[in-house]
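Colleague: Hey, dropping data-v4.cif in here, mmCIF, N, CA and C atoms:
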data_my_file
#
loop_
_atom_site.group_PDB
_atom_site.id
_atom_site.type_symbol
_atom_site.label_atom_id
_atom_site.label_comp_id
_atom_site.auth_asym_id
_atom_site.auth_seq_id
_atom_site.Cartn_x
_atom_site.Cartn_y
_atom_site.Cartn_z
ATOM 1 N N MET Y 37 22.227 68.400 -36.446
ATOM 2 C CA MET Y 37 23.011 68.397 -37.642
ATOM 3 C C MET Y 37 22.138 68.500 -38.882
ATOM 4 N N GLU Y 38 20.934 68.007 -38.816
ATOM 5 C CA GLU Y 38 20.035 68.115 -39.971
ATOM 6 C C GLU Y 38 19.735 69.582 -40.273
ATOM 7 N N ILE Y 39 19.591 70.381 -39.236
ATOM 8 C CA ILE Y 39 19.367 71.821 -39.413
ATOM 9 C C ILE Y 39 20.581 72.445 -40.094
ATOM 10 N N GLU Y 40 21.770 72.062 -39.638
ATOM 11 C CA GLU Y 40 22.996 72.598 -40.230
ATOM 12 C C GLU Y 40 23.080 72.227 -41.707
ATOM 13 N N LYS Y 41 22.768 70.986 -42.022
ATOM 14 C CA LYS Y 41 22.816 70.546 -43.418
ATOM 15 C C LYS Y 41 21.866 71.373 -44.276
ATOM 16 N N MET Y 42 20.696 71.681 -43.741
ATOM 17 C CA MET Y 42 19.702 72.431 -44.510
ATOM 18 C C MET Y 42 20.095 73.890 -44.698
ATOM 19 N N LEU Y 43 20.752 74.486 -43.715
ATOM 20 C CA LEU Y 43 20.946 75.937 -43.737
ATOM 21 C C LEU Y 43 22.367 76.433 -43.962
ATOM 22 N N LEU Y 44 23.377 75.624 -43.651
ATOM 23 C CA LEU Y 44 24.750 76.119 -43.671
ATOM 24 C C LEU Y 44 25.172 76.660 -45.036
ATOM 25 N N VAL Y 45 24.986 75.890 -46.079
ATOM 26 C CA VAL Y 45 25.432 76.327 -47.404
ATOM 27 C C VAL Y 45 24.709 77.598 -47.826
ATOM 28 N N LYS Y 46 23.426 77.681 -47.554
ATOM 29 C CA LYS Y 46 22.670 78.887 -47.906
ATOM 30 C C LYS Y 46 23.239 80.111 -47.179
ATOM 31 N N ILE Y 47 23.514 79.968 -45.909
ATOM 32 C CA ILE Y 47 24.062 81.082 -45.131
ATOM 33 C C ILE Y 47 25.433 81.483 -45.669
ATOM 34 N N ILE Y 48 26.270 80.496 -45.949
ATOM 35 C CA ILE Y 48 27.612 80.770 -46.460
ATOM 36 C C ILE Y 48 27.537 81.490 -47.802
ATOM 37 N N LEU Y 49 26.723 81.006 -48.696
ATOM 38 C CA LEU Y 49 26.657 81.583 -50.038
ATOM 39 C C LEU Y 49 26.075 82.993 -50.033
ATOM 40 N N GLU Y 50 25.248 83.310 -49.053
ATOM 41 C CA GLU Y 50 24.661 84.648 -48.981
ATOM 42 C C GLU Y 50 25.547 85.651 -48.238
ATOM 43 N N SER Y 51 26.569 85.169 -47.535
ATOM 44 C CA SER Y 51 27.444 86.058 -46.768
ATOM 45 C C SER Y 51 28.517 86.664 -47.662
ATOM 46 N N LYS Y 52 28.746 87.934 -47.492
ATOM 47 C CA LYS Y 52 29.811 88.583 -48.255
ATOM 48 C C LYS Y 52 31.142 88.534 -47.514
ATOM 49 N N TYR Y 53 31.171 87.992 -46.313
ATOM 50 C CA TYR Y 53 32.370 87.968 -45.488
ATOM 51 C C TYR Y 53 33.074 86.608 -45.470
ATOM 52 N N ILE Y 54 32.494 85.604 -46.085
ATOM 53 C CA ILE Y 54 33.060 84.252 -46.033
ATOM 54 C C ILE Y 54 33.445 83.814 -47.442
ATOM 55 N N ALA Y 55 34.657 83.236 -47.575
ATOM 56 C CA ALA Y 55 35.115 82.741 -48.874
ATOM 57 C C ALA Y 55 34.226 81.576 -49.317
ATOM 58 N N LYS Y 56 33.837 81.578 -50.556
ATOM 59 C CA LYS Y 56 32.893 80.574 -51.069
ATOM 60 C C LYS Y 56 33.566 79.286 -51.546
ATOM 61 N N GLU Y 57 34.849 79.341 -51.889
ATOM 62 C CA GLU Y 57 35.511 78.216 -52.540
ATOM 63 C C GLU Y 57 35.390 76.883 -51.795
ATOM 64 N N PRO Y 58 35.668 76.837 -50.481
ATOM 65 C CA PRO Y 58 35.568 75.523 -49.824
ATOM 66 C C PRO Y 58 34.161 74.927 -49.872
ATOM 67 N N PHE Y 59 33.166 75.765 -50.041
ATOM 68 C CA PHE Y 59 31.786 75.284 -50.006
ATOM 69 C C PHE Y 59 31.243 74.948 -51.389
ATOM 70 N N THR Y 60 31.874 75.484 -52.427
ATOM 71 C CA THR Y 60 31.345 75.302 -53.778
ATOM 72 C C THR Y 60 32.271 74.515 -54.694
ATOM 73 N N ASP Y 61 33.437 74.092 -54.212
ATOM 74 C CA ASP Y 61 34.397 73.368 -55.039
ATOM 75 C C ASP Y 61 33.914 71.936 -55.261
ATOM 76 N N LEU Y 62 33.200 71.729 -56.341
ATOM 77 C CA LEU Y 62 32.587 70.438 -56.638
ATOM 78 C C LEU Y 62 33.632 69.363 -56.913
ATOM 79 N N GLU Y 63 34.734 69.715 -57.543
ATOM 80 C CA GLU Y 63 35.783 68.734 -57.841
ATOM 81 C C GLU Y 63 36.392 68.169 -56.555
ATOM 82 N N MET Y 64 36.671 69.039 -55.599
ATOM 83 C CA MET Y 64 37.213 68.573 -54.320
ATOM 84 C C MET Y 64 36.200 67.688 -53.592
ATOM 85 N N LYS Y 65 34.934 68.087 -53.631
ATOM 86 C CA LYS Y 65 33.893 67.279 -52.996
ATOM 87 C C LYS Y 65 33.803 65.904 -53.661
ATOM 88 N N LYS Y 66 33.914 65.881 -54.981
ATOM 89 C CA LYS Y 66 33.831 64.620 -55.726
ATOM 90 C C LYS Y 66 34.994 63.704 -55.350
ATOM 91 N N LYS Y 67 36.215 64.250 -55.265
ATOM 92 C CA LYS Y 67 37.382 63.458 -54.882
ATOM 93 C C LYS Y 67 37.210 62.877 -53.476
ATOM 94 N N PHE Y 68 36.762 63.718 -52.539
ATOM 95 C CA PHE Y 68 36.553 63.273 -51.161
ATOM 96 C C PHE Y 68 35.475 62.190 -51.122
ATOM 97 N N SER Y 69 34.412 62.392 -51.865
ATOM 98 C CA SER Y 69 33.304 61.448 -51.917
ATOM 99 C C SER Y 69 33.772 60.076 -52.402
ATOM 100 N N GLU Y 70 34.529 60.060 -53.482
ATOM 101 C CA GLU Y 70 35.013 58.795 -54.040
ATOM 102 C C GLU Y 70 36.025 58.124 -53.109
ATOM 103 N N HIS Y 71 36.912 58.903 -52.516
ATOM 104 C CA HIS Y 71 37.956 58.342 -51.659
ATOM 105 C C HIS Y 71 37.390 57.727 -50.384
ATOM 106 N N TYR Y 72 36.426 58.396 -49.761
ATOM 107 C CA TYR Y 72 35.898 57.926 -48.476
ATOM 108 C C TYR Y 72 34.552 57.207 -48.586
ATOM 109 N N GLY Y 73 33.974 57.160 -49.792
ATOM 110 C CA GLY Y 73 32.699 56.465 -49.967
ATOM 111 C C GLY Y 73 31.524 57.157 -49.311
ATOM 112 N N VAL Y 74 31.589 58.479 -49.253
ATOM 113 C CA VAL Y 74 30.513 59.275 -48.665
ATOM 114 C C VAL Y 74 29.727 59.920 -49.810
ATOM 115 N N PRO Y 75 28.398 59.857 -49.788
ATOM 116 C CA PRO Y 75 27.631 60.523 -50.846
ATOM 117 C C PRO Y 75 27.988 62.006 -50.947
ATOM 118 N N ILE Y 76 28.136 62.492 -52.168
ATOM 119 C CA ILE Y 76 28.598 63.868 -52.386
ATOM 120 C C ILE Y 76 27.654 64.891 -51.764
ATOM 121 N N GLU Y 77 26.360 64.601 -51.702
ATOM 122 C CA GLU Y 77 25.413 65.558 -51.119
ATOM 123 C C GLU Y 77 25.572 65.685 -49.604
ATOM 124 N N GLU Y 78 26.321 64.763 -48.990
ATOM 125 C CA GLU Y 78 26.569 64.829 -47.548
ATOM 126 C C GLU Y 78 27.785 65.691 -47.207
ATOM 127 N N ILE Y 79 28.588 66.027 -48.194
ATOM 128 C CA ILE Y 79 29.799 66.804 -47.941
ATOM 129 C C ILE Y 79 29.443 68.278 -47.961
ATOM 130 N N GLN Y 80 29.647 68.953 -46.849
ATOM 131 C CA GLN Y 80 29.295 70.354 -46.746
ATOM 132 C C GLN Y 80 30.384 71.253 -47.278
ATOM 133 N N PHE Y 81 31.655 70.944 -46.976
ATOM 134 C CA PHE Y 81 32.758 71.743 -47.492
ATOM 135 C C PHE Y 81 34.050 70.950 -47.430
ATOM 136 N N VAL Y 82 35.025 71.395 -48.200
ATOM 137 C CA VAL Y 82 36.343 70.785 -48.207
ATOM 138 C C VAL Y 82 37.361 71.901 -48.003
ATOM 139 N N THR Y 83 38.204 71.747 -47.004
ATOM 140 C CA THR Y 83 39.209 72.760 -46.708
ATOM 141 C C THR Y 83 40.472 72.520 -47.539
ATOM 142 N N GLU Y 84 41.440 73.427 -47.419
ATOM 143 C CA GLU Y 84 42.670 73.342 -48.194
ATOM 144 C C GLU Y 84 43.436 72.047 -47.932
ATOM 145 N N ASP Y 85 43.387 71.532 -46.714
ATOM 146 C CA ASP Y 85 44.136 70.313 -46.395
ATOM 147 C C ASP Y 85 43.355 69.040 -46.714
ATOM 148 N N GLY Y 86 42.243 69.183 -47.398
ATOM 149 C CA GLY Y 86 41.496 68.023 -47.873
ATOM 150 C C GLY Y 86 40.479 67.468 -46.907
ATOM 151 N N MET Y 87 40.356 68.044 -45.729
ATOM 152 C CA MET Y 87 39.386 67.545 -44.760
ATOM 153 C C MET Y 87 37.995 68.055 -45.122
ATOM 154 N N SER Y 88 36.993 67.356 -44.656
ATOM 155 C CA SER Y 88 35.627 67.745 -44.968
ATOM 156 C C SER Y 88 34.746 67.623 -43.735
ATOM 157 N N GLN Y 89 33.701 68.411 -43.714
ATOM 158 C CA GLN Y 89 32.729 68.341 -42.636
ATOM 159 C C GLN Y 89 31.524 67.561 -43.137
ATOM 160 N N VAL Y 90 31.330 66.380 -42.601
ATOM 161 C CA VAL Y 90 30.200 65.559 -43.002
ATOM 162 C C VAL Y 90 29.121 65.619 -41.925
ATOM 163 N N GLY Y 91 29.468 65.491 -40.685
ATOM 164 C CA GLY Y 91 28.559 65.710 -39.576
ATOM 165 C C GLY Y 91 27.520 64.648 -39.285
ATOM 166 N N TYR Y 92 27.848 63.688 -38.452
ATOM 167 C CA TYR Y 92 26.904 62.689 -37.944
ATOM 168 C C TYR Y 92 26.136 61.978 -39.061
ATOM 169 N N TYR Y 93 26.844 61.542 -40.085
ATOM 170 C CA TYR Y 93 26.198 60.913 -41.241
ATOM 171 C C TYR Y 93 25.341 59.710 -40.836
ATOM 172 N N GLU Y 94 25.904 58.787 -40.058
ATOM 173 C CA GLU Y 94 25.173 57.574 -39.686
ATOM 174 C C GLU Y 94 23.931 57.898 -38.849
ATOM 175 N N GLN Y 95 24.069 58.848 -37.928
ATOM 176 C CA GLN Y 95 22.934 59.212 -37.089
ATOM 177 C C GLN Y 95 21.818 59.856 -37.918
ATOM 178 N N ARG Y 96 22.202 60.665 -38.897
ATOM 179 C CA ARG Y 96 21.184 61.291 -39.748
ATOM 180 C C ARG Y 96 20.517 60.267 -40.650
ATOM 181 N N GLN Y 97 21.255 59.202 -41.015
ATOM 182 C CA GLN Y 97 20.642 58.125 -41.799
ATOM 183 C C GLN Y 97 19.547 57.440 -40.970
ATOM 184 N N VAL Y 98 19.822 57.220 -39.692
ATOM 185 C CA VAL Y 98 18.822 56.618 -38.798
ATOM 186 C C VAL Y 98 17.611 57.545 -38.682
ATOM 187 N N LEU Y 99 17.866 58.839 -38.482
ATOM 188 C CA LEU Y 99 16.775 59.810 -38.395
ATOM 189 C C LEU Y 99 15.930 59.776 -39.667
ATOM 190 N N ASN Y 100 16.577 59.768 -40.823
ATOM 191 C CA ASN Y 100 15.825 59.730 -42.086
ATOM 192 C C ASN Y 100 15.044 58.436 -42.244
ATOM 193 N N TYR Y 101 15.589 57.315 -41.761
ATOM 194 C CA TYR Y 101 14.858 56.047 -41.791
ATOM 195 C C TYR Y 101 13.592 56.134 -40.940
ATOM 196 N N ILE Y 102 13.731 56.686 -39.744
ATOM 197 C CA ILE Y 102 12.562 56.834 -38.865
ATOM 198 C C ILE Y 102 11.532 57.752 -39.507
ATOM 199 N N ILE Y 103 11.981 58.880 -40.065
ATOM 200 C CA ILE Y 103 11.060 59.829 -40.700
ATOM 201 C C ILE Y 103 10.350 59.175 -41.877
ATOM 202 N N ASP Y 104 11.093 58.434 -42.705
ATOM 203 C CA ASP Y 104 10.471 57.747 -43.848
ATOM 204 C C ASP Y 104 9.449 56.712 -43.387
ATOM 205 N N SER Y 105 9.756 56.019 -42.286
ATOM 206 C CA SER Y 105 8.807 55.034 -41.740
ATOM 207 C C SER Y 105 7.534 55.711 -41.254
ATOM 208 N N VAL Y 106 7.686 56.864 -40.616
ATOM 209 C CA VAL Y 106 6.523 57.611 -40.132
ATOM 210 C C VAL Y 106 5.683 58.094 -41.318
ATOM 211 N N ILE Y 107 6.343 58.561 -42.371
ATOM 212 C CA ILE Y 107 5.624 59.062 -43.549
ATOM 213 C C ILE Y 107 4.795 57.953 -44.192
ATOM 214 N N GLU Y 108 5.332 56.730 -44.225
ATOM 215 C CA GLU Y 108 4.591 55.602 -44.795
ATOM 216 C C GLU Y 108 3.272 55.379 -44.076
ATOM 217 N N ASP Y 109 3.261 55.604 -42.759
ATOM 218 C CA ASP Y 109 2.070 55.353 -41.963
ATOM 219 C C ASP Y 109 1.231 56.603 -41.718
ATOM 220 N N ASP Y 110 1.724 57.759 -42.109
ATOM 221 C CA ASP Y 110 1.016 59.025 -41.885
ATOM 222 C C ASP Y 110 1.002 59.816 -43.186
ATOM 223 N N ASP Y 111 -0.007 59.576 -43.992
ATOM 224 C CA ASP Y 111 -0.094 60.213 -45.311
ATOM 225 C C ASP Y 111 -0.405 61.703 -45.225
ATOM 226 N N ILE Y 112 -0.764 62.193 -44.062
ATOM 227 C CA ILE Y 112 -1.197 63.571 -43.917
ATOM 228 C C ILE Y 112 -0.018 64.532 -43.906
ATOM 229 N N ARG Y 113 1.065 64.158 -43.256
ATOM 230 C CA ARG Y 113 2.196 65.073 -43.068
ATOM 231 C C ARG Y 113 3.292 64.848 -44.111
ATOM 232 N N SER Y 114 3.983 65.933 -44.443
ATOM 233 C CA SER Y 114 5.115 65.854 -45.360
ATOM 234 C C SER Y 114 6.393 65.579 -44.565
ATOM 235 N N LYS Y 115 7.472 65.288 -45.293
ATOM 236 C CA LYS Y 115 8.757 65.046 -44.634
ATOM 237 C C LYS Y 115 9.214 66.282 -43.869
ATOM 238 N N ASN Y 116 9.023 67.454 -44.451
ATOM 239 C CA ASN Y 116 9.424 68.688 -43.764
ATOM 240 C C ASN Y 116 8.639 68.909 -42.481
ATOM 241 N N GLU Y 117 7.356 68.575 -42.485
ATOM 242 C CA GLU Y 117 6.550 68.733 -41.264
ATOM 243 C C GLU Y 117 7.048 67.800 -40.158
ATOM 244 N N ILE Y 118 7.419 66.584 -40.528
ATOM 245 C CA ILE Y 118 7.902 65.634 -39.530
ATOM 246 C C ILE Y 118 9.283 66.049 -39.026
ATOM 247 N N ILE Y 119 10.148 66.538 -39.923
ATOM 248 C CA ILE Y 119 11.452 67.049 -39.490
ATOM 249 C C ILE Y 119 11.254 68.211 -38.517
ATOM 250 N N ASP Y 120 10.294 69.083 -38.809
ATOM 251 C CA ASP Y 120 10.009 70.200 -37.902
ATOM 252 C C ASP Y 120 9.610 69.712 -36.514
ATOM 253 N N ILE Y 121 8.856 68.621 -36.443
ATOM 254 C CA ILE Y 121 8.457 68.048 -35.156
ATOM 255 C C ILE Y 121 9.694 67.577 -34.388
ATOM 256 N N PHE Y 122 10.617 66.911 -35.088
ATOM 257 C CA PHE Y 122 11.854 66.449 -34.449
ATOM 258 C C PHE Y 122 12.700 67.626 -33.971
ATOM 259 N N ILE Y 123 12.811 68.655 -34.804
ATOM 260 C CA ILE Y 123 13.608 69.825 -34.426
ATOM 261 C C ILE Y 123 12.998 70.519 -33.208
ATOM 262 N N LYS Y 124 11.685 70.673 -33.225
ATOM 263 C CA LYS Y 124 11.002 71.302 -32.093
ATOM 264 C C LYS Y 124 11.231 70.498 -30.811
ATOM 265 N N ALA Y 125 11.138 69.177 -30.916
ATOM 266 C CA ALA Y 125 11.350 68.330 -29.742
ATOM 267 C C ALA Y 125 12.786 68.438 -29.242
ATOM 268 N N HIS Y 126 13.721 68.573 -30.150
ATOM 269 C CA HIS Y 126 15.124 68.715 -29.773
ATOM 270 C C HIS Y 126 15.324 69.951 -28.894
ATOM 271 N N PHE Y 127 14.697 71.058 -29.272
ATOM 272 C CA PHE Y 127 14.902 72.303 -28.544
ATOM 273 C C PHE Y 127 14.025 72.431 -27.301
ATOM 274 N N THR Y 128 12.827 71.830 -27.318
ATOM 275 C CA THR Y 128 11.943 71.961 -26.167
ATOM 276 C C THR Y 128 12.085 70.819 -25.170
ATOM 277 N N GLY Y 129 12.594 69.674 -25.637
ATOM 278 C CA GLY Y 129 12.695 68.513 -24.772
ATOM 279 C C GLY Y 129 11.399 67.736 -24.670
ATOM 280 N N ASN Y 130 10.349 68.193 -25.330
ATOM 281 C CA ASN Y 130 9.060 67.509 -25.306
ATOM 282 C C ASN Y 130 9.045 66.433 -26.396
ATOM 283 N N LEU Y 131 9.194 65.183 -25.981
ATOM 284 C CA LEU Y 131 9.298 64.063 -26.916
ATOM 285 C C LEU Y 131 7.976 63.335 -27.149
ATOM 286 N N LEU Y 132 6.913 63.771 -26.511
ATOM 287 C CA LEU Y 132 5.647 63.054 -26.580
ATOM 288 C C LEU Y 132 5.119 62.960 -28.010
ATOM 289 N N GLU Y 133 5.180 64.040 -28.765
ATOM 290 C CA GLU Y 133 4.659 64.010 -30.136
ATOM 291 C C GLU Y 133 5.462 63.047 -31.015
ATOM 292 N N ILE Y 134 6.774 63.017 -30.833
ATOM 293 C CA ILE Y 134 7.599 62.083 -31.583
ATOM 294 C C ILE Y 134 7.261 60.645 -31.173
ATOM 295 N N ALA Y 135 7.112 60.427 -29.891
ATOM 296 C CA ALA Y 135 6.766 59.082 -29.394
ATOM 297 C C ALA Y 135 5.460 58.602 -29.996
ATOM 298 N N ARG Y 136 4.485 59.466 -30.105
ATOM 299 C CA ARG Y 136 3.190 59.100 -30.693
ATOM 300 C C ARG Y 136 3.346 58.746 -32.176
ATOM 301 N N LEU Y 137 4.131 59.548 -32.900
ATOM 302 C CA LEU Y 137 4.347 59.258 -34.321
ATOM 303 C C LEU Y 137 5.025 57.905 -34.514
ATOM 304 N N ILE Y 138 6.070 57.660 -33.721
ATOM 305 C CA ILE Y 138 6.829 56.402 -33.861
ATOM 306 C C ILE Y 138 5.977 55.221 -33.426
ATOM 307 N N GLU Y 139 5.183 55.395 -32.383
ATOM 308 C CA GLU Y 139 4.340 54.321 -31.898
ATOM 309 C C GLU Y 139 3.338 53.877 -32.961
ATOM 310 N N LYS Y 140 2.791 54.856 -33.716
ATOM 311 C CA LYS Y 140 1.859 54.514 -34.800
ATOM 312 C C LYS Y 140 2.539 53.752 -35.924
ATOM 313 N N SER Y 141 3.834 54.001 -36.099
ATOM 314 C CA SER Y 141 4.580 53.324 -37.165
ATOM 315 C C SER Y 141 4.967 51.933 -36.768
#
Could I get this structure in the form of structure tokens?

Modeller:
Amino acid sequence: MEIEKMLLVKIILESKYIAKEPFTDLEMKKKFSEHYGVPIEEIQFVTEDGMSQVGYYEQRQVLNYIIDSVIEDDDIRSKNEIIDIFIKAHFTGNLLEIARLIEKS
């Protein structure tokens, strides 16, 4: 879901085949954010019936906590580099590098 959060809006805004309104309607996002107590930057889009795609908010908060903890103990790597390690492990199934990072933290 972190990959989707990073890329979805960019892909939507660059496509000439997809309507932009649900993805760029800031007022609808603001209303949804206030009503449900979800940070506005977590709302990806709002459809006509008022529903929104937030996508594993709590799980991504845990991931960001782990990444921030690793960054505190590893001054060499940036947040993007550590996210890349997690994404790579997700697709390859090789968790050893993540285990080493977390173990140091």

Colleague: Quick check, in Å to one decimal: how far apart do atom C of Leu99 of chain Y and atom CA of Ser69 of chain Y lie?

Modeller: 21.3 Å

Colleague: Work out how far atom C of Ile134 of chain Y is from atom CA of Val106 of chain Y, in Å to one decimal.

Modeller: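 Between atom CA of Val106 of chain Y and atom C of Ile134 of chain Y the gap works out to 9.5 Å.
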
Colleague: Excluding same-chain residues fewer than 5 positions from Lys66 of chain Y, what lies within 7 Å of it counting all atoms listed in the file, as a list in words?

Modeller: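 The residues satisfying every condition are Asp61, His71 and Ile76 of chain Y.
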
Colleague: So that I can check the surroundings of segment 108-123 of chain Y, please list as a compact mmCIF listing (two decimals) with N, CA and C atoms, keeping the file's coordinate frame every protein, DNA and RNA residue that reaches within 8 Å of it, counting only C-alpha atoms and ignoring chain neighbours fewer than 3 positions away.

Modeller:
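Contents of part-v7.txt, freshly written:
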# COMPACT_ATOMS: atom_id res chain seq x y z
N ILE Y 39 19.59 70.38 -39.24
CA ILE Y 39 19.37 71.82 -39.41
C ILE Y 39 20.58 72.44 -40.09
N ILE Y 103 11.98 58.88 -40.06
CA ILE Y 103 11.06 59.83 -40.70
C ILE Y 103 10.35 59.18 -41.88
N ASP Y 104 11.09 58.43 -42.70
CA ASP Y 104 10.47 57.75 -43.85
C ASP Y 104 9.45 56.71 -43.39
N SER Y 105 9.76 56.02 -42.29
CA SER Y 105 8.81 55.03 -41.74
C SER Y 105 7.53 55.71 -41.25
N HIS Y 126 13.72 68.57 -30.15
CA HIS Y 126 15.12 68.72 -29.77
C HIS Y 126 15.32 69.95 -28.89
N PHE Y 127 14.70 71.06 -29.27
CA PHE Y 127 14.90 72.30 -28.54
C PHE Y 127 14.02 72.43 -27.30
N GLU Y 133 5.18 64.04 -28.76
CA GLU Y 133 4.66 64.01 -30.14
C GLU Y 133 5.46 63.05 -31.02
N ILE Y 134 6.77 63.02 -30.83
CA ILE Y 134 7.60 62.08 -31.58
C ILE Y 134 7.26 60.64 -31.17
N LYS Y 140 2.79 54.86 -33.72
CA LYS Y 140 1.86 54.51 -34.80
C LYS Y 140 2.54 53.75 -35.92
N SER Y 141 3.83 54.00 -36.10
CA SER Y 141 4.58 53.32 -37.16
C SER Y 141 4.97 51.93 -36.77

Colleague: Would you mind telling me which residue in Y:Phe68, Y:Tyr101, Y:Phe59, Y:Tyr93 lies nearest to Phe81 of chain Y when using only C-alpha atoms?

Modeller: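 Of all the options, Y:Phe59 lies closest to Phe81 of chain Y.
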
Colleague: What separation in Å, quoted to one decimal, exists between atom N of Leu137 of chain Y and atom N of Gln95 of chain Y?

Modeller: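 Atom N of Leu137 of chain Y sits 20.6 Å away from atom N of Gln95 of chain Y.
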
Colleague: I need the helix (DSSP H, G or I) residues of segment 52-121 of chain Y per DSSP on the backbone, written as a PyMOL selection string.

Modeller: chain Y and resi 57-60+62-72+76-78+93-109+115-121

Colleague: Go ahead and write the residues just picked, N, CA and C atoms, as a short mmCIF file (atom, residue, chain, number, x, y, z; two decimals), keeping the file's coordinate frame.

Modeller:
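Saved the output as selection_1.cif:
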data_model
loop_
_atom_site.label_atom_id
_atom_site.label_comp_id
_atom_site.auth_asym_id
_atom_site.auth_seq_id
_atom_site.Cartn_x
_atom_site.Cartn_y
_atom_site.Cartn_z
N GLU Y 57 34.85 79.34 -51.89
CA GLU Y 57 35.51 78.22 -52.54
C GLU Y 57 35.39 76.88 -51.80
N PRO Y 58 35.67 76.84 -50.48
CA PRO Y 58 35.57 75.52 -49.82
C PRO Y 58 34.16 74.93 -49.87
N PHE Y 59 33.17 75.76 -50.04
CA PHE Y 59 31.79 75.28 -50.01
C PHE Y 59 31.24 74.95 -51.39
N THR Y 60 31.87 75.48 -52.43
CA THR Y 60 31.34 75.30 -53.78
C THR Y 60 32.27 74.52 -54.69
N LEU Y 62 33.20 71.73 -56.34
CA LEU Y 62 32.59 70.44 -56.64
C LEU Y 62 33.63 69.36 -56.91
N GLU Y 63 34.73 69.72 -57.54
CA GLU Y 63 35.78 68.73 -57.84
C GLU Y 63 36.39 68.17 -56.56
N MET Y 64 36.67 69.04 -55.60
CA MET Y 64 37.21 68.57 -54.32
C MET Y 64 36.20 67.69 -53.59
N LYS Y 65 34.93 68.09 -53.63
CA LYS Y 65 33.89 67.28 -53.00
C LYS Y 65 33.80 65.90 -53.66
N LYS Y 66 33.91 65.88 -54.98
CA LYS Y 66 33.83 64.62 -55.73
C LYS Y 66 34.99 63.70 -55.35
N LYS Y 67 36.22 64.25 -55.26
CA LYS Y 67 37.38 63.46 -54.88
C LYS Y 67 37.21 62.88 -53.48
N PHE Y 68 36.76 63.72 -52.54
CA PHE Y 68 36.55 63.27 -51.16
C PHE Y 68 35.48 62.19 -51.12
N SER Y 69 34.41 62.39 -51.86
CA SER Y 69 33.30 61.45 -51.92
C SER Y 69 33.77 60.08 -52.40
N GLU Y 70 34.53 60.06 -53.48
CA GLU Y 70 35.01 58.80 -54.04
C GLU Y 70 36.02 58.12 -53.11
N HIS Y 71 36.91 58.90 -52.52
CA HIS Y 71 37.96 58.34 -51.66
C HIS Y 71 37.39 57.73 -50.38
N TYR Y 72 36.43 58.40 -49.76
CA TYR Y 72 35.90 57.93 -48.48
C TYR Y 72 34.55 57.21 -48.59
N ILE Y 76 28.14 62.49 -52.17
CA ILE Y 76 28.60 63.87 -52.39
C ILE Y 76 27.65 64.89 -51.76
N GLU Y 77 26.36 64.60 -51.70
CA GLU Y 77 25.41 65.56 -51.12
C GLU Y 77 25.57 65.68 -49.60
N GLU Y 78 26.32 64.76 -48.99
CA GLU Y 78 26.57 64.83 -47.55
C GLU Y 78 27.78 65.69 -47.21
N TYR Y 93 26.84 61.54 -40.08
CA TYR Y 93 26.20 60.91 -41.24
C TYR Y 93 25.34 59.71 -40.84
N GLU Y 94 25.90 58.79 -40.06
CA GLU Y 94 25.17 57.57 -39.69
C GLU Y 94 23.93 57.90 -38.85
N GLN Y 95 24.07 58.85 -37.93
CA GLN Y 95 22.93 59.21 -37.09
C GLN Y 95 21.82 59.86 -37.92
N ARG Y 96 22.20 60.66 -38.90
CA ARG Y 96 21.18 61.29 -39.75
C ARG Y 96 20.52 60.27 -40.65
N GLN Y 97 21.26 59.20 -41.02
CA GLN Y 97 20.64 58.12 -41.80
C GLN Y 97 19.55 57.44 -40.97
N VAL Y 98 19.82 57.22 -39.69
CA VAL Y 98 18.82 56.62 -38.80
C VAL Y 98 17.61 57.54 -38.68
N LEU Y 99 17.87 58.84 -38.48
CA LEU Y 99 16.77 59.81 -38.40
C LEU Y 99 15.93 59.78 -39.67
N ASN Y 100 16.58 59.77 -40.82
CA ASN Y 100 15.82 59.73 -42.09
C ASN Y 100 15.04 58.44 -42.24
N TYR Y 101 15.59 57.32 -41.76
CA TYR Y 101 14.86 56.05 -41.79
C TYR Y 101 13.59 56.13 -40.94
N ILE Y 102 13.73 56.69 -39.74
CA ILE Y 102 12.56 56.83 -38.86
C ILE Y 102 11.53 57.75 -39.51
N ILE Y 103 11.98 58.88 -40.06
CA ILE Y 103 11.06 59.83 -40.70
C ILE Y 103 10.35 59.18 -41.88
N ASP Y 104 11.09 58.43 -42.70
CA ASP Y 104 10.47 57.75 -43.85
C ASP Y 104 9.45 56.71 -43.39
N SER Y 105 9.76 56.02 -42.29
CA SER Y 105 8.81 55.03 -41.74
C SER Y 105 7.53 55.71 -41.25
N VAL Y 106 7.69 56.86 -40.62
CA VAL Y 106 6.52 57.61 -40.13
C VAL Y 106 5.68 58.09 -41.32
N ILE Y 107 6.34 58.56 -42.37
CA ILE Y 107 5.62 59.06 -43.55
C ILE Y 107 4.80 57.95 -44.19
N GLU Y 108 5.33 56.73 -44.22
CA GLU Y 108 4.59 55.60 -44.80
C GLU Y 108 3.27 55.38 -44.08
N ASP Y 109 3.26 55.60 -42.76
CA ASP Y 109 2.07 55.35 -41.96
C ASP Y 109 1.23 56.60 -41.72
N LYS Y 115 7.47 65.29 -45.29
CA LYS Y 115 8.76 65.05 -44.63
C LYS Y 115 9.21 66.28 -43.87
N ASN Y 116 9.02 67.45 -44.45
CA ASN Y 116 9.42 68.69 -43.76
C ASN Y 116 8.64 68.91 -42.48
N GLU Y 117 7.36 68.58 -42.48
CA GLU Y 117 6.55 68.73 -41.26
C GLU Y 117 7.05 67.80 -40.16
N ILE Y 118 7.42 66.58 -40.53
CA ILE Y 118 7.90 65.63 -39.53
C ILE Y 118 9.28 66.05 -39.03
N ILE Y 119 10.15 66.54 -39.92
CA ILE Y 119 11.45 67.05 -39.49
C ILE Y 119 11.25 68.21 -38.52
N ASP Y 120 10.29 69.08 -38.81
CA ASP Y 120 10.01 70.20 -37.90
C ASP Y 120 9.61 69.71 -36.51
N ILE Y 121 8.86 68.62 -36.44
CA ILE Y 121 8.46 68.05 -35.16
C ILE Y 121 9.69 67.58 -34.39
#

Colleague: Which one is closest to Thr83 of chain Y: Y:Glu57, Y:Arg96, Y:Thr128, Y:Glu70? Count all atoms listed in the file.

Modeller: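 Comparing Y:Glu57, Y:Arg96, Y:Thr128, Y:Glu70 against Thr83 of chain Y, the winner is Y:Glu57.
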